2 protein chains.
Amino acid sequence: MTDIQESKDKLSDTLDHVVTLLKKHQLVERLVHNQEMPNHELVESLVHRQNKIELQNILNALHPADVAHILEALPLDDRLYLWDLVKVDRDGDILLEVSDAVRHTLIADMDSKELLAAAEQLDTDQLADLAPDLPKDVLQDLMDSLDTLNRERLQSALSYPEDSVGALMDFDVVTIREDITIEVALRYLRRLEVLPDHTDKIFVIDRFDSIKGVLPITNMLVKDLDETVENAMAEDVVLFHPEDVATEAAKAFERYDLVSAPVVDHNNKLIGRLTVDEVMDYIREESDADRLSMAGLREEEDFFSSVWDSVSNRWAWLAINLVTALIASRVIGLFENSIGQVVALAALMPIVAGIGGNSGNQTTTMIVRGLAIGQISGSNMKSQVNKELGVALVNGLIWGGVLGGVTYALYADYRLSLVMTAAITLNLLLAALMGVVIPLVMNQFGKDPAVGSSVLITAMTDSGGFFIFLGLATIFLL
Amino acid sequence: MTDIQESKDKLSDTLDHVVTLLKKHQLVERLVHNQEMPNHELVESLVHRQNKIELQNILNALHPADVAHILEALPLDDRLYLWDLVKVDRDGDILLEVSDAVRHTLIADMDSKELLAAAEQLDTDQLADLAPDLPKDVLQDLMDSLDTLNRERLQSALSYPEDSVGALMDFDVVTIREDITIEVALRYLRRLEVLPDHTDKIFVIDRFDSIKGVLPITNMLVKDLDETVENAMAEDVVLFHPEDVATEAAKAFERYDLVSAPVVDHNNKLIGRLTVDEVMDYIREESDADRLSMAGLREEEDFFSSVWDSVSNRWAWLAINLVTALIASRVIGLFENSIGQVVALAALMPIVAGIGGNSGNQTTTMIVRGLAIGQISGSNMKSQVNKELGVALVNGLIWGGVLGGVTYALYADYRLSLVMTAAITLNLLLAALMGVVIPLVMNQFGKDPAVGSSVLITAMTDSGGFFIFLGLATIFLL
């Protein structure tokens, strides 16, 4: 029995234990390094060897996913020391479980022989997940070691883009013909001795491998044994093509509560299947990747990666933001004369820009969500713009009014406070308009509106806010 | 066969078709309203009735999830008109599929009798999902209409918090004893006639309902019929308690590739099960909710909600941001004298603040991710701070240097440009420190670091950036 709370606590205890053992190991290493302990003594050192054996025992007892978790949580040196202690025949499974960034560090530490040994324990679809990270020569050796069927499968799996059904599917399909009885089908399954994970249905095909329907296993258990497969199967099958976009497939899995589904080519020929565990992993990875890219982290960054790797991962975002900040700065520069005369403008202008950015991002978030769940069509775009402009007007009058009051309290200048109210209202209207238009335009051009919209909105509302506020002030106050 | 790309296109065509029919309906309504067509004629109007029947036929042919999709995509009036056309016996299923915000609008449109009729078609666990949205009197009537077992189940399901396993579990468990043979077990299942969805394993219990193991259905199909359940079952079961946190359960489902798992109480007594479809819905809802709350949208907002509803959903976030902007503004106010003397400061200061906010948010995103996947422990926090400070120093020298150059090009003042470089570097160091500390402190106090961190970081780097830049300028330039 694995109680999930206990198991979480246990994993965290195991991690602490591993860290303690690693510290002992490091201590011994340091002693040797400082020559406080001669080298040959170390080799014999009972403590050191016991320590190593204990670590190996701990690792061997853990699920590959849990080993992966521990490797992720350790700095590079410790991670690689531990990785060497993992049994060779588990390397493949563990490589599949770790994140991309950590996988790179592990693979970089392995030689071709080790990599080949690890790869040989994997199924073709698992190999396809690993293949892009393998060195070219290892991949070639691997291809050569496969039989024709599996080589073709691997090549075809590698030929699909990362975000397609083809990249997520596996080849563990169990098939039967429609003209046999359930009893015969059951006898056939019994001969297989083991069924692939996530087999909740058997695929019914004709002699050209075309899919005719699916037979849920639970149907086989409860229907009359003399019934033919044809009568017991479901003909309304949700099926996928390898070039289908993975996010659409994920939505279909959610919508129709699927556990597995057939993948067919354009002649309706069965070529593989998609299972819910792959789909769930994909959803998680996507949502992780979205969150990272919203903050401008280009790719998954190993938590223990070097300063240089981190700098290079993050620089593009900072550069883009600096350019937009520079533009906003030049807009302010246009009004330096006004600021010189009314210095209060300098203190107030970031408020106008800031509220525009926040409000614009709220609007964009709503629009991006509407696009994702298909709520937005040409027919309702105009009503959306109107609604968001309405929200902006109300917010502008409320918050603009409040800040007009604050401005009056601070500077006792009613004209300045009116300019503040007007500028906030106008900048919120600008933010609303841009908040609707920018994601729609990005979507139109096939860009992901979730990622880039925020920078663009903020650029507009910053420069726009400064321009509106300082422009109004120049006209009405000077 | 449902081809997923075709089905997506078809759904979008259906939506267009529905919108066209609704427009015809609105036209007739308007004619009546303007008295251009007498009322009784309308009732008889062939066009109108045909139109209605066609809409009904379309709706009846769709999967509940697809009807939900269409209802989500329509403005309130059209949505309610369509909702009245949906067959009463499908109301319950559709209410479960729509988003919370849309569900509110639909329920508000139904009277007690309709709500009771809809609720009566649902299982206890589905009722528990719907119950929080039902009016109190309807919920009471519903409770009264249930038998004792189901009433107790509903009450217990409602007693668990929204984000717990108890709120996600269902009661469709199939159980057997361990001392029978597989053949007997198969015969027993056959008598059930239908097995619940997502039954990939049968739960093996003793006479006290304590869980002893699980028997995967695929094992039943391939193992020897004379084998006992005890020998064929898996004893290493991943199991949950109703009070377990749903996110942890979701991680376990991903990690161990589960389709269903038993939920037990603290005496190990089986009380229900958790299935992958519920877990997947939960993951999606969570990631949606996170994205909304990161932009300060307090709850799911119906895409067609009124301006007032939207304003009230969004105001809290704007208010918080205004307060932080006001604080930053007062920091600038401290240096009005300096700005009066060197107006260029006003144009340059938003750049210093901006780059700090962007960089701080990158750091926070990494830390939040590390917390979520358990990479952060007391032992590596110090090394994280050091690494982020290193990244900040490198970025500060690079970007600070670049902007120092730009400043010199613009204002030909090497002291101003040195102040710029120094201020950017210092603000990035502040951002790095806060970017690590703020999410860790929030996490320590049990707050979700993903949501509030961003406002806090930006507040720090705005006020801090202005203070550092204007302070340095005051010391060195005046």
# chains A, B, ... in the order shown; residues from 1 in each chain; ligands from 1
>>> select_by_dssp(residues="range 53-247 of chain A", states="alpha helix (DSSP H)", output="PyMOL selection string")
chain A and resi 53-61+64-72+76-85+91-97+100-108+112-119+124-130+136-145+148-159+165-168+182-192+217-222+229-232+246-247
>>> select_by_dssp(residues="range 183-366 of chain A", states="strand (DSSP E)", output="PDB file with N, CA and C atoms, in the first residue's frame")
ATOM      1  N   LYS A 201      -9.398  -0.594 -24.202  1.00  0.00           N
ATOM      2  CA  LYS A 201     -10.201  -1.057 -25.325  1.00  0.00           C
ATOM      3  C   LYS A 201      -9.311  -1.786 -26.326  1.00  0.00           C
ATOM      4  N   ILE A 202      -9.915  -2.718 -27.043  1.00  0.00           N
ATOM      5  CA  ILE A 202      -9.226  -3.448 -28.093  1.00  0.00           C
ATOM      6  C   ILE A 202      -9.665  -2.816 -29.413  1.00  0.00           C
ATOM      7  N   PHE A 203      -8.715  -2.653 -30.333  1.00  0.00           N
ATOM      8  CA  PHE A 203      -9.067  -2.040 -31.610  1.00  0.00           C
ATOM      9  C   PHE A 203      -9.519  -3.113 -32.595  1.00  0.00           C
ATOM     10  N   VAL A 204     -10.680  -2.879 -33.193  1.00  0.00           N
ATOM     11  CA  VAL A 204     -11.230  -3.845 -34.150  1.00  0.00           C
ATOM     12  C   VAL A 204     -10.862  -3.399 -35.557  1.00  0.00           C
ATOM     13  N   ILE A 205     -10.146  -4.272 -36.293  1.00  0.00           N
ATOM     14  CA  ILE A 205      -9.696  -3.891 -37.632  1.00  0.00           C
ATOM     15  C   ILE A 205     -10.114  -4.939 -38.662  1.00  0.00           C
ATOM     16  N   ILE A 211      -9.496   0.592 -39.316  1.00  0.00           N
ATOM     17  CA  ILE A 211     -10.204   0.489 -38.052  1.00  0.00           C
ATOM     18  C   ILE A 211     -11.717   0.452 -38.295  1.00  0.00           C
ATOM     19  N   LYS A 212     -12.387  -0.525 -37.663  1.00  0.00           N
ATOM     20  CA  LYS A 212     -13.839  -0.677 -37.823  1.00  0.00           C
ATOM     21  C   LYS A 212     -14.582  -0.216 -36.581  1.00  0.00           C
ATOM     22  N   GLY A 213     -13.906  -0.231 -35.439  1.00  0.00           N
ATOM     23  CA  GLY A 213     -14.553   0.155 -34.189  1.00  0.00           C
ATOM     24  C   GLY A 213     -13.626  -0.173 -33.037  1.00  0.00           C
ATOM     25  N   VAL A 214     -14.092   0.081 -31.817  1.00  0.00           N
ATOM     26  CA  VAL A 214     -13.299  -0.299 -30.651  1.00  0.00           C
ATOM     27  C   VAL A 214     -14.171  -1.107 -29.699  1.00  0.00           C
ATOM     28  N   LEU A 215     -13.551  -2.078 -29.044  1.00  0.00           N
ATOM     29  CA  LEU A 215     -14.289  -2.922 -28.109  1.00  0.00           C
ATOM     30  C   LEU A 215     -13.754  -2.641 -26.703  1.00  0.00           C
ATOM     31  N   PRO A 216     -14.520  -1.905 -25.880  1.00  0.00           N
ATOM     32  CA  PRO A 216     -14.059  -1.657 -24.513  1.00  0.00           C
ATOM     33  C   PRO A 216     -13.910  -2.986 -23.773  1.00  0.00           C
ATOM     34  N   VAL A 238     -13.693   7.957 -31.256  1.00  0.00           N
ATOM     35  CA  VAL A 238     -12.911   9.190 -31.381  1.00  0.00           C
ATOM     36  C   VAL A 238     -11.525   8.775 -31.831  1.00  0.00           C
ATOM     37  N   LEU A 239     -11.101   9.211 -33.020  1.00  0.00           N
ATOM     38  CA  LEU A 239      -9.775   8.806 -33.473  1.00  0.00           C
ATOM     39  C   LEU A 239      -8.927   9.992 -33.914  1.00  0.00           C
ATOM     40  N   SER A 260      -7.665   5.618 -23.808  1.00  0.00           N
ATOM     41  CA  SER A 260      -6.812   5.409 -24.968  1.00  0.00           C
ATOM     42  C   SER A 260      -7.645   5.612 -26.224  1.00  0.00           C
ATOM     43  N   ALA A 261      -6.985   5.926 -27.331  1.00  0.00           N
ATOM     44  CA  ALA A 261      -7.708   6.148 -28.582  1.00  0.00           C
ATOM     45  C   ALA A 261      -6.803   5.773 -29.751  1.00  0.00           C
ATOM     46  N   PRO A 262      -7.386   5.251 -30.826  1.00  0.00           N
ATOM     47  CA  PRO A 262      -6.576   4.848 -31.975  1.00  0.00           C
ATOM     48  C   PRO A 262      -6.049   6.044 -32.769  1.00  0.00           C
ATOM     49  N   VAL A 263      -4.838   5.868 -33.317  1.00  0.00           N
ATOM     50  CA  VAL A 263      -4.280   6.853 -34.244  1.00  0.00           C
ATOM     51  C   VAL A 263      -4.232   6.182 -35.613  1.00  0.00           C
ATOM     52  N   VAL A 264      -4.821   6.826 -36.626  1.00  0.00           N
ATOM     53  CA  VAL A 264      -4.899   6.221 -37.958  1.00  0.00           C
ATOM     54  C   VAL A 264      -4.301   7.135 -39.008  1.00  0.00           C
ATOM     55  N   LEU A 270      -4.885   1.676 -39.019  1.00  0.00           N
ATOM     56  CA  LEU A 270      -4.417   1.845 -37.647  1.00  0.00           C
ATOM     57  C   LEU A 270      -2.895   1.868 -37.611  1.00  0.00           C
ATOM     58  N   ILE A 271      -2.294   2.920 -37.013  1.00  0.00           N
ATOM     59  CA  ILE A 271      -0.834   2.930 -36.916  1.00  0.00           C
ATOM     60  C   ILE A 271      -0.318   3.039 -35.490  1.00  0.00           C
ATOM     61  N   GLY A 272      -1.185   3.311 -34.537  1.00  0.00           N
ATOM     62  CA  GLY A 272      -0.728   3.405 -33.158  1.00  0.00           C
ATOM     63  C   GLY A 272      -1.870   3.827 -32.262  1.00  0.00           C
ATOM     64  N   ARG A 273      -1.523   4.220 -31.037  1.00  0.00           N
ATOM     65  CA  ARG A 273      -2.581   4.689 -30.149  1.00  0.00           C
ATOM     66  C   ARG A 273      -2.042   5.800 -29.257  1.00  0.00           C
ATOM     67  N   LEU A 274      -2.962   6.577 -28.739  1.00  0.00           N
ATOM     68  CA  LEU A 274      -2.633   7.670 -27.832  1.00  0.00           C
ATOM     69  C   LEU A 274      -3.244   7.305 -26.486  1.00  0.00           C
ATOM     70  N   THR A 275      -2.470   7.471 -25.394  1.00  0.00           N
ATOM     71  CA  THR A 275      -2.994   7.109 -24.070  1.00  0.00           C
ATOM     72  C   THR A 275      -3.022   8.314 -23.148  1.00  0.00           C
TER      73      THR A 275
END
>>> residues_around(residues="range 290-295 of chain A", least_positions_apart="5", cutoff="10 Å", atoms="only C-alpha atoms", output="number ranges by chain")
A: 284-285, 300-301, 314, 317-318, 448, 450-455; B: 287, 290-291, 358-366, 369, 450
>>> write_last_selection(atoms="C-alpha atoms", output="mmCIF file, in the first residue's frame")
data_model
loop_
_atom_site.group_PDB
_atom_site.id
_atom_site.type_symbol
_atom_site.label_atom_id
_atom_site.label_comp_id
_atom_site.auth_asym_id
_atom_site.auth_seq_id
_atom_site.Cartn_x
_atom_site.Cartn_y
_atom_site.Cartn_z
ATOM 1 C CA ARG A 284 1.522 19.548 -17.579
ATOM 2 C CA GLU A 285 4.545 20.299 -19.725
ATOM 3 C CA GLU A 300 13.215 24.960 -19.058
ATOM 4 C CA GLU A 301 16.190 25.984 -16.958
ATOM 5 C CA ARG A 314 16.935 35.047 -19.885
ATOM 6 C CA TRP A 317 13.347 38.934 -22.732
ATOM 7 C CA LEU A 318 15.302 41.582 -20.885
ATOM 8 C CA ASP A 448 0.655 32.254 -29.496
ATOM 9 C CA ALA A 450 -0.504 34.009 -24.429
ATOM 10 C CA VAL A 451 3.204 34.677 -24.658
ATOM 11 C CA GLY A 452 3.993 37.924 -26.412
ATOM 12 C CA SER A 453 0.834 39.947 -25.702
ATOM 13 C CA SER A 454 1.928 41.092 -22.280
ATOM 14 C CA VAL A 455 5.110 42.844 -23.502
ATOM 15 C CA SER B 287 -3.974 25.975 -14.613
ATOM 16 C CA ASP B 290 -3.714 30.297 -11.977
ATOM 17 C CA ARG B 291 -3.509 32.184 -15.230
ATOM 18 C CA ASN B 358 11.218 41.963 -15.427
ATOM 19 C CA SER B 359 14.311 40.358 -13.988
ATOM 20 C CA GLY B 360 12.726 39.867 -10.562
ATOM 21 C CA ASN B 361 9.758 38.116 -12.143
ATOM 22 C CA GLN B 362 12.084 35.741 -14.002
ATOM 23 C CA THR B 363 13.747 34.809 -10.732
ATOM 24 C CA THR B 364 10.415 34.343 -8.978
ATOM 25 C CA THR B 365 9.096 32.142 -11.772
ATOM 26 C CA MET B 366 12.108 29.839 -11.351
ATOM 27 C CA ARG B 369 8.594 26.232 -10.203
ATOM 28 C CA ALA B 450 2.466 31.900 -7.891
#
>>> atom_distance(atom1="CA of Ile373 in chain A", atom2="CA of Lys10 in chain B")
15.3 Å
>>> residues_around(residues="Leu11 in chain A", least_positions_apart="5", cutoff="9 Å", atoms="only C-alpha atoms", output="PyMOL selection string")
chain A and resi 6+16+66+69-70
>>> atom_distance(atom1="CA of Lys52 in chain A", atom2="CA of Ser99 in chain A")
25.4 Å
>>> closest_residue(among="A:Asp84, A:Glu72, A:Asp93, A:Asp9", to="chain B", atoms="only C-alpha atoms")
A:Glu72
>>> residues_around(residues="Ala344 in chain A", least_positions_apart="6", cutoff="8 Å", atoms="only C-alpha atoms", output="list in words")
Tyr411 of chain A; Gly333 and Glu336 of chain B
>>> write_last_selection(atoms="N, CA and C atoms", output="PDB file, in the first residue's frame")
ATOM      1  N   TYR A 411      -0.859  68.126  -4.223  1.00  0.00           N
ATOM      2  CA  TYR A 411      -0.299  69.295  -4.888  1.00  0.00           C
ATOM      3  C   TYR A 411      -1.235  70.509  -4.898  1.00  0.00           C
TER       4      TYR A 411
ATOM      5  N   GLY B 333       8.591  61.606  -5.455  1.00  0.00           N
ATOM      6  CA  GLY B 333       8.296  62.922  -4.882  1.00  0.00           C
ATOM      7  C   GLY B 333       9.416  63.416  -3.966  1.00  0.00           C
ATOM      8  N   GLU B 336      11.978  65.435  -5.980  1.00  0.00           N
ATOM      9  CA  GLU B 336      11.508  66.410  -6.969  1.00  0.00           C
ATOM     10  C   GLU B 336      12.538  67.514  -7.195  1.00  0.00           C
TER      11      GLU B 336
END
